[in-house]
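This is start_20.txt (compact mmCIF, C-alpha atoms and all ligand atoms).
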```
# COMPACT_ATOMS: atom_id res chain seq x y z
CA MET A 1 -16.34 9.68 -8.80
CA THR A 2 -18.23 9.41 -5.50
CA THR A 3 -16.74 9.93 -2.04
CA THR A 4 -19.69 9.08 0.14
CA LEU A 5 -17.94 6.29 2.02
CA PRO A 6 -17.56 6.92 5.75
CA LEU A 7 -13.80 6.42 5.69
CA PRO A 8 -11.11 8.69 7.08
CA ARG A 9 -8.23 9.87 4.90
CA SER A 10 -4.88 8.63 6.12
CA VAL A 11 -2.78 11.56 4.85
CA GLN A 12 -3.69 15.25 4.62
CA TRP A 13 -1.55 18.20 3.53
CA ASN A 14 -1.85 21.30 5.73
CA ASP A 15 0.83 23.70 4.35
CA THR A 16 2.76 23.85 7.65
CA HIS A 17 2.49 20.15 8.56
CA ILE A 18 1.09 16.78 7.46
CA THR A 19 -1.88 15.35 9.31
CA LEU A 20 -1.59 11.59 9.55
CA LEU A 21 -4.09 9.00 10.76
CA ASN A 22 -2.07 6.91 13.24
CA GLN A 23 -2.62 3.37 11.95
CA GLN A 24 -0.84 1.97 15.01
CA ALA A 25 -3.63 3.31 17.25
CA LEU A 26 -6.47 1.74 15.20
CA PRO A 27 -9.00 0.31 15.85
CA LEU A 28 -9.04 1.35 19.50
CA SER A 29 -8.75 5.05 18.79
CA ILE A 30 -8.94 7.32 15.78
CA GLU A 31 -5.95 9.51 16.44
CA TYR A 32 -4.29 12.06 14.16
CA LEU A 33 -0.61 13.02 14.31
CA GLU A 34 0.97 16.27 13.13
CA LEU A 35 4.15 15.53 11.19
CA GLN A 36 6.35 18.62 11.30
CA THR A 37 9.77 17.43 10.18
CA LEU A 38 11.46 15.05 7.79
CA GLU A 39 12.41 12.92 10.81
CA ASP A 40 8.72 12.72 11.84
CA VAL A 41 7.90 11.46 8.34
CA TRP A 42 10.72 8.91 8.33
CA ASP A 43 9.65 7.63 11.75
CA ALA A 44 5.95 7.42 10.80
CA ILE A 45 6.84 5.24 7.79
CA LYS A 46 9.37 3.08 9.65
CA THR A 47 7.09 2.43 12.64
CA LEU A 48 4.00 1.71 10.50
CA LYS A 49 1.99 4.73 11.66
CA VAL A 50 1.43 5.01 7.93
CA ARG A 51 1.77 1.83 5.92
CA GLY A 52 0.53 0.34 2.66
CA ALA A 53 2.51 1.00 -0.51
CA PRO A 54 0.61 3.98 -2.03
CA ALA A 55 0.08 5.73 1.35
CA ILE A 56 3.80 5.44 2.11
CA GLY A 57 4.58 7.08 -1.26
CA ILE A 58 2.06 9.89 -0.72
CA THR A 59 3.36 10.62 2.80
CA ALA A 60 6.98 10.67 1.62
CA ALA A 61 6.05 13.04 -1.23
CA PHE A 62 4.40 15.47 1.19
CA GLY A 63 7.34 15.04 3.57
CA LEU A 64 9.78 16.14 0.88
CA ALA A 65 7.54 19.09 -0.11
CA LEU A 66 7.25 20.15 3.54
CA ALA A 67 10.99 19.96 4.19
CA ALA A 68 11.81 21.81 0.96
CA SER A 69 9.33 24.59 1.76
CA ARG A 70 11.66 25.55 4.64
CA TYR A 71 14.99 25.39 2.80
CA GLU A 72 16.91 28.65 3.14
CA GLU A 73 19.15 28.02 0.12
CA ASP A 74 18.62 30.76 -2.45
CA ASN A 75 20.67 29.04 -5.13
CA ILE A 76 18.65 26.52 -7.14
CA ASP A 77 21.57 24.09 -7.54
CA ALA A 78 22.16 24.03 -3.78
CA PHE A 79 18.39 23.59 -3.31
CA LYS A 80 18.33 20.59 -5.67
CA ALA A 81 21.40 19.05 -4.02
CA ARG A 82 19.74 19.24 -0.60
CA LEU A 83 16.49 17.82 -1.97
CA ASN A 84 18.40 14.84 -3.39
CA LYS A 85 20.02 14.17 -0.01
CA GLU A 86 16.69 14.29 1.79
CA ARG A 87 15.13 12.09 -0.90
CA ASP A 88 17.78 9.48 -0.05
CA TYR A 89 17.08 9.81 3.67
CA LEU A 90 13.34 9.10 3.24
CA ALA A 91 14.11 6.31 0.75
CA ASN A 92 15.91 4.54 3.59
CA SER A 93 12.78 4.13 5.71
CA ARG A 94 11.43 0.90 4.17
CA PRO A 95 12.84 -1.20 1.29
CA THR A 96 10.08 -3.28 -0.32
CA ALA A 97 7.19 -1.10 -1.53
CA VAL A 98 8.39 0.51 -4.75
CA ASN A 99 5.77 3.29 -4.47
CA LEU A 100 8.08 4.99 -1.96
CA PHE A 101 10.90 5.32 -4.51
CA TRP A 102 8.47 6.01 -7.35
CA ALA A 103 6.93 8.97 -5.45
CA LEU A 104 10.27 10.36 -4.24
CA ASP A 105 11.78 10.17 -7.73
CA ARG A 106 8.71 11.80 -9.23
CA MET A 107 9.10 14.66 -6.72
CA VAL A 108 12.78 15.15 -7.53
CA GLY A 109 12.06 14.86 -11.26
CA SER A 110 9.33 17.53 -11.07
CA ILE A 111 11.86 20.32 -10.45
CA GLN A 112 14.57 19.28 -12.87
CA GLU A 113 13.79 22.09 -15.32
CA VAL A 114 12.91 24.68 -12.64
CA THR A 115 15.32 27.61 -12.34
CA SER A 116 14.15 29.50 -9.21
CA VAL A 117 13.86 28.37 -5.61
CA ASN A 118 10.37 29.82 -5.16
CA GLU A 119 9.07 28.02 -8.22
CA ALA A 120 10.69 24.80 -6.99
CA LYS A 121 8.91 25.06 -3.64
CA THR A 122 5.46 25.54 -5.19
CA THR A 123 6.13 22.86 -7.82
CA LEU A 124 6.95 20.30 -5.13
CA VAL A 125 3.74 20.96 -3.19
CA HIS A 126 1.74 20.78 -6.41
CA GLU A 127 3.41 17.50 -7.42
CA ALA A 128 2.70 15.85 -4.04
CA ILE A 129 -0.96 16.91 -4.24
CA CYS A 130 -1.15 15.47 -7.78
CA ILE A 131 0.29 12.15 -6.59
CA GLN A 132 -2.45 11.94 -3.95
CA VAL A 133 -5.33 13.06 -6.20
CA GLU A 134 -4.27 10.69 -8.99
CA ASP A 135 -4.03 7.77 -6.56
CA GLU A 136 -7.64 8.25 -5.51
CA GLU A 137 -8.78 8.14 -9.15
CA VAL A 138 -6.58 5.13 -9.82
CA CYS A 139 -8.00 3.22 -6.83
CA TYR A 140 -11.55 3.98 -7.94
CA SER A 141 -10.77 2.50 -11.34
CA ILE A 142 -9.08 -0.58 -9.82
CA GLY A 143 -12.14 -1.08 -7.62
CA ASN A 144 -14.48 -1.07 -10.60
CA TYR A 145 -12.34 -3.51 -12.59
CA ALA A 146 -12.06 -5.80 -9.56
CA LEU A 147 -15.79 -5.68 -8.96
CA SER A 148 -16.38 -6.83 -12.55
CA LEU A 149 -14.63 -10.11 -11.63
CA LEU A 150 -16.91 -10.84 -8.66
CA ASN A 151 -20.52 -11.95 -8.42
CA LYS A 152 -23.26 -10.89 -6.04
CA GLN A 153 -23.05 -12.87 -2.72
CA ASP A 154 -19.52 -14.15 -3.42
CA SER A 155 -17.34 -14.89 -0.37
CA VAL A 156 -13.86 -13.48 -0.96
CA MET A 157 -10.69 -13.78 1.13
CA THR A 158 -8.02 -11.12 1.65
CA ILE A 159 -4.90 -10.58 3.73
CA CYS A 160 -3.23 -7.51 5.27
CA ASN A 161 -4.83 -4.14 4.56
CA ALA A 162 -4.80 -2.98 0.96
CA GLY A 163 -7.58 -0.59 1.84
CA SER A 164 -8.52 3.04 1.74
CA ILE A 165 -6.14 3.90 4.59
CA ALA A 166 -3.27 2.25 2.67
CA THR A 167 -3.87 4.58 -0.31
CA ALA A 168 -5.28 8.05 -1.02
CA TYR A 169 -8.81 6.63 -0.84
CA TYR A 170 -10.84 3.46 -1.71
CA GLY A 171 -7.81 1.12 -1.56
CA THR A 172 -6.75 -1.52 -4.07
CA ALA A 173 -7.78 -5.03 -2.97
CA LEU A 174 -10.47 -3.56 -0.69
CA ALA A 175 -11.79 -1.05 -3.23
CA PRO A 176 -14.29 -3.52 -4.79
CA PHE A 177 -15.80 -4.18 -1.37
CA HIS A 178 -16.28 -0.48 -0.64
CA LEU A 179 -17.75 0.06 -4.11
CA SER A 180 -20.00 -2.98 -3.69
CA ILE A 181 -21.79 -1.10 -0.91
CA GLU A 182 -22.42 1.93 -3.14
CA LYS A 183 -23.55 -0.31 -6.00
CA GLU A 184 -25.62 -2.60 -3.78
CA ILE A 185 -23.83 -5.78 -4.86
CA PRO A 186 -23.52 -7.66 -1.55
CA LEU A 187 -20.24 -9.53 -1.01
CA LYS A 188 -18.88 -11.35 2.00
CA VAL A 189 -15.25 -10.85 3.01
CA TYR A 190 -13.04 -13.15 5.08
CA ALA A 191 -10.10 -11.13 6.42
CA CYS A 192 -6.96 -12.95 7.55
CA GLU A 193 -5.68 -11.32 10.75
CA THR A 194 -2.16 -11.03 9.29
CA ARG A 195 0.46 -11.87 11.89
CA PRO A 196 2.76 -10.51 13.12
CA VAL A 197 1.41 -6.96 13.34
CA LEU A 198 -2.23 -7.68 12.56
CA GLN A 199 -3.08 -5.31 9.70
CA GLY A 200 -6.00 -7.65 8.93
CA SER A 201 -7.67 -7.58 12.33
CA ARG A 202 -6.72 -4.05 13.36
CA LEU A 203 -7.20 -2.31 10.02
CA THR A 204 -9.10 -4.34 7.39
CA ALA A 205 -11.76 -5.60 9.81
CA TRP A 206 -12.23 -2.05 11.09
CA GLU A 207 -12.16 -0.37 7.68
CA LEU A 208 -14.67 -2.74 6.09
CA GLN A 209 -16.94 -2.43 9.12
CA GLN A 210 -16.87 1.37 8.70
CA SER A 211 -18.29 1.17 5.20
CA GLY A 212 -20.80 -1.54 6.09
CA VAL A 213 -19.17 -4.50 4.33
CA ASP A 214 -20.05 -7.96 5.67
CA VAL A 215 -16.61 -8.93 7.04
CA THR A 216 -15.56 -11.95 9.10
CA LEU A 217 -12.18 -12.15 10.82
CA ILE A 218 -10.11 -15.35 10.83
CA THR A 219 -6.57 -16.15 11.97
CA ASP A 220 -4.06 -16.82 9.22
CA ASN A 221 -3.89 -20.57 9.93
CA MET A 222 -7.65 -20.87 9.34
CA ALA A 223 -7.37 -19.97 5.65
CA ALA A 224 -7.44 -23.47 4.10
CA HIS A 225 -10.28 -24.69 6.31
CA THR A 226 -12.25 -21.50 5.65
CA ILE A 227 -11.82 -21.73 1.87
CA LYS A 228 -13.15 -25.28 2.04
CA THR A 229 -15.99 -24.83 4.50
CA LYS A 230 -17.18 -21.34 3.58
CA GLY A 231 -17.04 -21.74 -0.19
CA ILE A 232 -14.57 -18.92 -0.84
CA LYS A 233 -14.92 -17.93 -4.52
CA ALA A 234 -11.75 -15.85 -4.90
CA ILE A 235 -8.76 -14.41 -3.08
CA ILE A 236 -7.77 -10.78 -3.68
CA VAL A 237 -4.66 -9.09 -2.33
CA GLY A 238 -2.67 -5.89 -2.79
CA ALA A 239 0.99 -5.56 -3.77
CA ASP A 240 4.14 -3.77 -2.70
CA ARG A 241 6.17 -4.39 -5.83
CA ILE A 242 5.47 -6.19 -9.11
CA ALA A 243 8.43 -7.23 -11.27
CA ALA A 244 8.49 -7.08 -15.09
CA ASN A 245 7.39 -10.74 -15.25
CA GLY A 246 4.44 -10.30 -12.86
CA ASP A 247 6.08 -11.84 -9.76
CA THR A 248 4.51 -9.95 -6.86
CA ALA A 249 5.76 -9.01 -3.40
CA ASN A 250 3.02 -8.48 -0.83
CA LYS A 251 2.50 -9.00 2.91
CA ILE A 252 3.97 -12.19 4.33
CA GLY A 253 1.37 -14.96 3.97
CA THR A 254 0.24 -13.91 0.51
CA TYR A 255 2.30 -16.62 -1.22
CA GLY A 256 0.67 -19.27 0.97
CA LEU A 257 -2.79 -18.02 0.00
CA ALA A 258 -1.82 -18.18 -3.70
CA LEU A 259 -0.79 -21.82 -3.26
CA LEU A 260 -4.10 -22.53 -1.52
CA ALA A 261 -6.02 -20.84 -4.35
CA LYS A 262 -4.28 -23.13 -6.84
CA SER A 263 -5.06 -26.18 -4.76
CA PHE A 264 -8.74 -25.24 -4.40
CA GLU A 265 -8.93 -24.10 -8.06
CA ILE A 266 -10.22 -20.63 -7.21
CA PRO A 267 -8.90 -17.39 -8.77
CA PHE A 268 -6.08 -15.49 -7.07
CA TYR A 269 -6.16 -11.77 -7.92
CA VAL A 270 -3.57 -9.05 -7.28
CA ALA A 271 -4.94 -5.49 -7.30
CA ALA A 272 -2.34 -2.75 -7.73
CA PRO A 273 -1.72 0.61 -9.41
CA LEU A 274 0.98 1.12 -12.05
CA SER A 275 3.00 2.95 -9.37
CA THR A 276 3.53 -0.46 -7.73
CA PHE A 277 5.17 -1.97 -10.81
CA ASP A 278 8.94 -2.07 -11.05
CA PRO A 279 9.53 -2.87 -14.73
CA ALA A 280 13.28 -2.32 -14.19
CA ILE A 281 13.59 -5.67 -12.41
CA GLU A 282 13.09 -8.89 -14.32
CA SER A 283 11.69 -11.11 -11.59
CA GLY A 284 10.68 -11.30 -7.95
CA ALA A 285 14.13 -12.63 -7.05
CA GLU A 286 15.37 -9.02 -7.27
CA ILE A 287 12.79 -7.60 -4.83
CA PRO A 288 14.36 -6.63 -1.48
CA ILE A 289 12.39 -8.24 1.33
CA GLU A 290 12.21 -6.19 4.52
CA GLU A 291 13.05 -8.01 7.75
CA ARG A 292 11.62 -6.34 10.81
CA ALA A 293 12.35 -6.38 14.54
CA ALA A 294 12.06 -9.66 16.47
CA GLU A 295 9.76 -7.96 19.01
CA GLU A 296 6.95 -7.98 16.44
CA ILE A 297 6.88 -11.76 16.92
CA THR A 298 8.09 -12.21 20.51
CA HIS A 299 5.73 -9.58 21.92
CA LEU A 300 2.04 -8.81 21.64
CA ASN A 301 0.85 -5.39 22.84
CA GLY A 302 4.15 -4.94 24.67
CA SER A 303 3.90 -8.28 26.53
CA ARG A 304 6.36 -11.09 25.85
CA ILE A 305 4.74 -14.23 24.37
CA ALA A 306 7.91 -16.16 23.39
CA PRO A 307 10.87 -17.31 25.49
CA GLU A 308 13.78 -14.93 26.13
CA GLY A 309 16.69 -15.58 23.78
CA ILE A 310 14.66 -17.35 21.06
CA SER A 311 15.92 -16.90 17.47
CA VAL A 312 13.40 -15.10 15.29
CA TYR A 313 12.99 -14.75 11.52
CA ASN A 314 10.61 -11.92 10.62
CA PRO A 315 10.31 -11.24 6.87
CA ALA A 316 7.53 -8.68 6.31
CA PHE A 317 6.80 -9.73 2.72
CA ASP A 318 6.91 -12.74 0.42
CA VAL A 319 6.96 -13.09 -3.36
CA THR A 320 4.17 -14.85 -5.22
CA PRO A 321 5.40 -16.28 -8.53
CA ASN A 322 3.50 -15.05 -11.59
CA GLU A 323 2.18 -18.51 -12.51
CA LEU A 324 0.04 -18.53 -9.35
CA ILE A 325 -1.65 -15.22 -10.22
CA THR A 326 -4.92 -15.48 -12.16
CA ALA A 327 -4.99 -11.76 -13.02
CA ILE A 328 -3.42 -8.45 -12.01
CA ILE A 329 -6.02 -5.70 -11.70
CA THR A 330 -4.70 -2.22 -12.53
CA GLU A 331 -6.28 1.17 -13.24
CA LYS A 332 -5.61 0.52 -16.94
CA GLY A 333 -7.41 -2.81 -17.00
CA ILE A 334 -7.03 -6.46 -16.06
CA LEU A 335 -3.76 -8.18 -17.01
CA LYS A 336 -3.85 -11.91 -17.74
CA GLY A 337 -1.78 -14.55 -19.52
CA ASN A 338 1.74 -13.54 -20.48
CA TYR A 339 2.48 -10.92 -17.81
CA LYS A 340 5.86 -10.06 -19.27
CA GLN A 341 4.22 -9.00 -22.54
CA GLU A 342 1.26 -7.30 -20.85
CA ILE A 343 3.49 -5.32 -18.47
CA GLN A 344 5.81 -4.32 -21.31
CA LYS A 345 2.80 -2.80 -23.13
CA LEU A 346 2.15 -0.61 -20.06
CA PHE A 347 5.80 0.45 -19.74
CA PRO A 348 7.01 0.58 -23.35
CA GLN A 349 10.05 2.75 -22.50
CA GLN A 350 11.60 0.10 -20.21
O1 LIG B 1 3.84 -3.72 6.00
P1 LIG B 1 2.68 -3.04 5.34
O2 LIG B 1 1.47 -2.96 6.22
O3 LIG B 1 3.07 -1.69 4.75
O4 LIG B 1 2.32 -3.98 4.13
C1 LIG B 1 1.28 -3.58 3.27
C2 LIG B 1 0.91 -4.56 2.24
O5 LIG B 1 1.50 -5.61 2.08
C3 LIG B 1 -0.22 -4.15 1.31
O6 LIG B 1 -0.92 -5.27 0.85
C4 LIG B 1 0.35 -3.39 0.10
O7 LIG B 1 1.22 -2.36 0.50
C5 LIG B 1 -0.73 -2.82 -0.75
S1 LIG B 1 -1.57 -1.46 0.02
C6 LIG B 1 -2.69 -0.89 -1.13
```

Just give me the structure as structure tokens.
Amino acid sequence: MTTTLPLPRSVQWNDTHITLLNQQALPLSIEYLELQTLEDVWDAIKTLKVRGAPAIGITAAFGLALAASRYEEDNIDAFKARLNKERDYLANSRPTAVNLFWALDRMVGSIQEVTSVNEAKTTLVHEAICIQVEDEEVCYSIGNYALSLLNKQDSVMTICNAGSIATAYYGTALAPFHLSIEKEIPLKVYACETRPVLQGSRLTAWELQQSGVDVTLITDNMAAHTIKTKGIKAIIVGADRIAANGDTANKIGTYGLALLAKSFEIPFYVAAPLSTFDPAIESGAEIPIEERAAEEITHLNGSRIAPEGISVYNPAFDVTPNELITAIITEKGILKGNYKQEIQKLFPQQ
């Protein structure tokens, strides 16, 4: 696996604190925060200083390891009880991306058989590091599978930021573009700006520029016209939660792009790791959709752009029904056809 891309890492473990790339400050400044407490971690997730499903999970895992490293309980049962409480606190930060719960539950599960507090503390740090290291490998694999679906010189559209900074490294939907630079397979990317909080223009445009990808920024309402006039060959997006039938929650606007892909008869791909699947829920109807503050829509950079007193609806995600998805690209391969069957093969115990 190569790591020659000029991309920063969004989350780094430092024993006494977590170093976090502040995604709210990008692209104007590359600023790192020191997260010292569980409250710092909760706030960073809630306020989108770290965002993107896998990066949220990794940060929460390190947050739990950091908090637990300071527990003064010397009884293992009391230690585990406190860890469970703090797991629930972090789980309350954002509701949609299942990676958050997946990572927190994996952390709690890692010490179930442990009988001493010291061993529990080292096990938790080790588990969080494993979650991060594995995610980088997983993203590299997703990137290679995704690249196999694209041809040299293709123009491809994406939304939000399912990039390196949303994961341990490489990204999911953006991984093929980063790898295309290393493999010298030129591709052209059209990035939707992604209202309301502009992960497309602030993060994807910046991230792809960093690695030298040919990226063009458009506003979200330019998607149909751009597909038609620029000959877009495929749309690729990330995911926050994939149900047992393949229905996929991702950034608001994704569903609209899937409908456009159908209308223009171009493939619509979802790129996501197995940690983003929620085989316990049957369909997308069961995915909780986060609604965020009205100010994300009524204000831009702190300035009001809508009338005082206006009613606002601000869902952060939408659900794309499985029948609109051409393929789901995972680290284990490319899923197509009957998603329910394909997903069941990956999660046989469910
Ligand atoms: O609100 P965000 O920025 O956390 O939403 C992120 C997305 O919708 C991403 O596409 C998804 O988490 C995949 S990131 C690899």

message: Show me, as a list of chain:residue names, the residues that have an atom within 12 Å of Ile281 (chain A) when counting all atoms listed in the file, minus same-chain residues fewer than 3 positions from it.
response: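 Surrounding residues, per the criterion: A:Val98, A:Arg241, A:Ile242, A:Ala243, A:Ala244, A:Asn245, A:Gly246, A:Asp247, A:Thr248, A:Phe277, A:Asp278, A:Gly284, A:Ala285, A:Glu286, A:Ile287, A:Pro288, A:Lys340, A:Ile343, A:Gln344, A:Gln350.
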
May I have a table of the residues of chain A lying at most 7 Å from ligand LIG 1 (chain B), giving each one's closest pair of atoms and their distance in Å to one decimal, counting all atoms listed in the file, ordered by chain and ascending residue number, as CSV?
```
residue,atom,partner,partner_atom,distance
A:Leu48,CA,B:LIG1,O3,6.7
A:Arg51,CA,B:LIG1,O3,3.9
A:Gly52,CA,B:LIG1,O7,3.5
A:Ala53,CA,B:LIG1,O7,3.7
A:Pro54,CA,B:LIG1,C6,6.0
A:Ala97,CA,B:LIG1,O7,6.4
A:Cys160,CA,B:LIG1,O6,5.5
A:Asn161,CA,B:LIG1,O6,5.5
A:Ala162,CA,B:LIG1,C6,3.6
A:Gly163,CA,B:LIG1,C6,5.7
A:Ala166,CA,B:LIG1,S1,4.9
A:Thr167,CA,B:LIG1,C6,5.7
A:Gly171,CA,B:LIG1,C6,5.5
A:Thr172,CA,B:LIG1,C6,5.1
A:Ala173,CA,B:LIG1,C6,6.8
A:Gln199,CA,B:LIG1,O2,6.2
A:Val237,CA,B:LIG1,O6,6.2
A:Gly238,CA,B:LIG1,O6,4.1
A:Ala239,CA,B:LIG1,C5,4.4
A:Asp240,CA,B:LIG1,O7,4.6
A:Asn250,CA,B:LIG1,O5,4.4
A:Lys251,CA,B:LIG1,O5,3.6
A:Ala272,CA,B:LIG1,C6,6.9
A:Ala316,CA,B:LIG1,O1,6.2
A:Phe317,CA,B:LIG1,O5,6.7
```

Generate a file of the selected residues that holds C-alpha atoms, formatted as a short mmCIF file (atom, residue, chain, number, x, y, z; two decimals), in the coordinates of the input.
```
data_model
loop_
_atom_site.label_atom_id
_atom_site.label_comp_id
_atom_site.auth_asym_id
_atom_site.auth_seq_id
_atom_site.Cartn_x
_atom_site.Cartn_y
_atom_site.Cartn_z
CA LEU A 48 4.00 1.71 10.50
CA ARG A 51 1.77 1.83 5.92
CA GLY A 52 0.53 0.34 2.66
CA ALA A 53 2.51 1.00 -0.51
CA PRO A 54 0.61 3.98 -2.03
CA ALA A 97 7.19 -1.10 -1.53
CA CYS A 160 -3.23 -7.51 5.27
CA ASN A 161 -4.83 -4.14 4.56
CA ALA A 162 -4.80 -2.98 0.96
CA GLY A 163 -7.58 -0.59 1.84
CA ALA A 166 -3.27 2.25 2.67
CA THR A 167 -3.87 4.58 -0.31
CA GLY A 171 -7.81 1.12 -1.56
CA THR A 172 -6.75 -1.52 -4.07
CA ALA A 173 -7.78 -5.03 -2.97
CA GLN A 199 -3.08 -5.31 9.70
CA VAL A 237 -4.66 -9.09 -2.33
CA GLY A 238 -2.67 -5.89 -2.79
CA ALA A 239 0.99 -5.56 -3.77
CA ASP A 240 4.14 -3.77 -2.70
CA ASN A 250 3.02 -8.48 -0.83
CA LYS A 251 2.50 -9.00 2.91
CA ALA A 272 -2.34 -2.75 -7.73
CA ALA A 316 7.53 -8.68 6.31
CA PHE A 317 6.80 -9.73 2.72
#
```

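Each of A:Ser69, A:Ile165, A:Ala258, A:Met157 was compared to Gln210 (chain A) using all atoms listed in the file, and A:Ile165 turns out to be the nearest.
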
- line: One residue among A:Asp105, A:Glu342, A:Glu119, A:Asp15 is nearest to Asn84 (chain A) when using only C-alpha atoms, and that residue is A:Asp105

- request: Identify, on the basis of only C-alpha atoms, every residue whose closest approach to region 187-191 of chain A does not exceed 6 Å; exclude the query and any residue fewer than 4 positions from it along the same chain; express the result as a ChimeraX atom specification.
  value: /A:153-159,200,214-217

- prompt: Excluding same-chain residues fewer than 3 positions from region 66-68 of chain A, what lies within 10 Å of it counting only C-alpha atoms, as a ChimeraX atom specification?
  reply: /A:13-18,35-39,41,60-63,71-73,79-80,82-83,86,117,120-122,124-125,128

message: For a test of reading the model, state the distance in Å between CA of Ile325 (chain A) and CA of Thr59 (chain A), rounded to one decimal.
response: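 Pair CA of Ile325 (chain A) / CA of Thr59 (chain A) returns 29.4 Å.
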
message: To one decimal place in Å, what is the distance between CA of His126 (chain A) and CA of Ala168 (chain A)?
response: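 One can read the CA of His126 (chain A) to CA of Ala168 (chain A) distance as 15.5 Å.
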
message: Report, in Å with one decimal, the straight-line distance from CA of Tyr170 (chain A) to CA of Ser211 (chain A).
response: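 Straight-line distance from CA of Tyr170 (chain A) to CA of Ser211 (chain A) works out to 10.4 Å.
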
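When all atoms listed in the file are used to measure the gap to Leu274 (chain A), the shortest distance among A:Gly333, A:Gly231, A:Gly309, A:Pro321 belongs to A:Gly333.
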
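If you measure from each of A:Thr19, A:Asn322, A:Gln132, A:Ser29 to Trp206 (chain A) using all atoms listed in the file, the closest one turns out to be A:Ser29.
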
- request: Could you please give me, as a list of chain:residue names, the residues of protein, DNA or RNA lying at most 7 Å from (-4.6, 12.3, 6.8) in the coordinate frame of the file, considering only C-alpha atoms?
  value: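 The answer, in the requested form, is A:Arg9, A:Ser10, A:Val11, A:Gln12, A:Thr19, A:Leu20, A:Leu21.
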
- prompt: At most 12 Å from (-20.7, -7.4, -9.9), file frame, only C-alpha atoms: which residues, as a ChimeraX atom specification?
  reply: /A:143-154,176-177,179-187

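Take the candidates A:Ile305, A:Val197, A:Ala280, A:Leu259 and check each one against Glu323 (chain A) using all atoms listed in the file; the shortest distance goes to A:Leu259.
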
query: Using all atoms listed in the file, which of A:Asn22, A:Ser93, A:Phe264, A:Asn75 sits nearest Pro8 (chain A)?
result: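 Going through A:Asn22, A:Ser93, A:Phe264, A:Asn75 one by one, the smallest distance to Pro8 (chain A) is for A:Asn22.
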
Find the residues near Ile297 (chain A): any atom within 10 Å, counting only C-alpha atoms, skip ones fewer than 3 places away on the same chain, and give them as a PDB file with C-alpha atoms, in the coordinates of the input.
```pdb
ATOM      1  CA  ARG A 195       0.460 -11.870  11.890  1.00  0.00           C
ATOM      2  CA  PRO A 196       2.760 -10.510  13.120  1.00  0.00           C
ATOM      3  CA  VAL A 197       1.410  -6.960  13.340  1.00  0.00           C
ATOM      4  CA  ARG A 292      11.620  -6.340  10.810  1.00  0.00           C
ATOM      5  CA  ALA A 293      12.350  -6.380  14.540  1.00  0.00           C
ATOM      6  CA  ALA A 294      12.060  -9.660  16.470  1.00  0.00           C
ATOM      7  CA  LEU A 300       2.040  -8.810  21.640  1.00  0.00           C
ATOM      8  CA  ARG A 304       6.360 -11.090  25.850  1.00  0.00           C
ATOM      9  CA  ILE A 305       4.740 -14.230  24.370  1.00  0.00           C
ATOM     10  CA  ALA A 306       7.910 -16.160  23.390  1.00  0.00           C
ATOM     11  CA  VAL A 312      13.400 -15.100  15.290  1.00  0.00           C
ATOM     12  CA  TYR A 313      12.990 -14.750  11.520  1.00  0.00           C
ATOM     13  CA  ASN A 314      10.610 -11.920  10.620  1.00  0.00           C
TER      14      ASN A 314
END
```
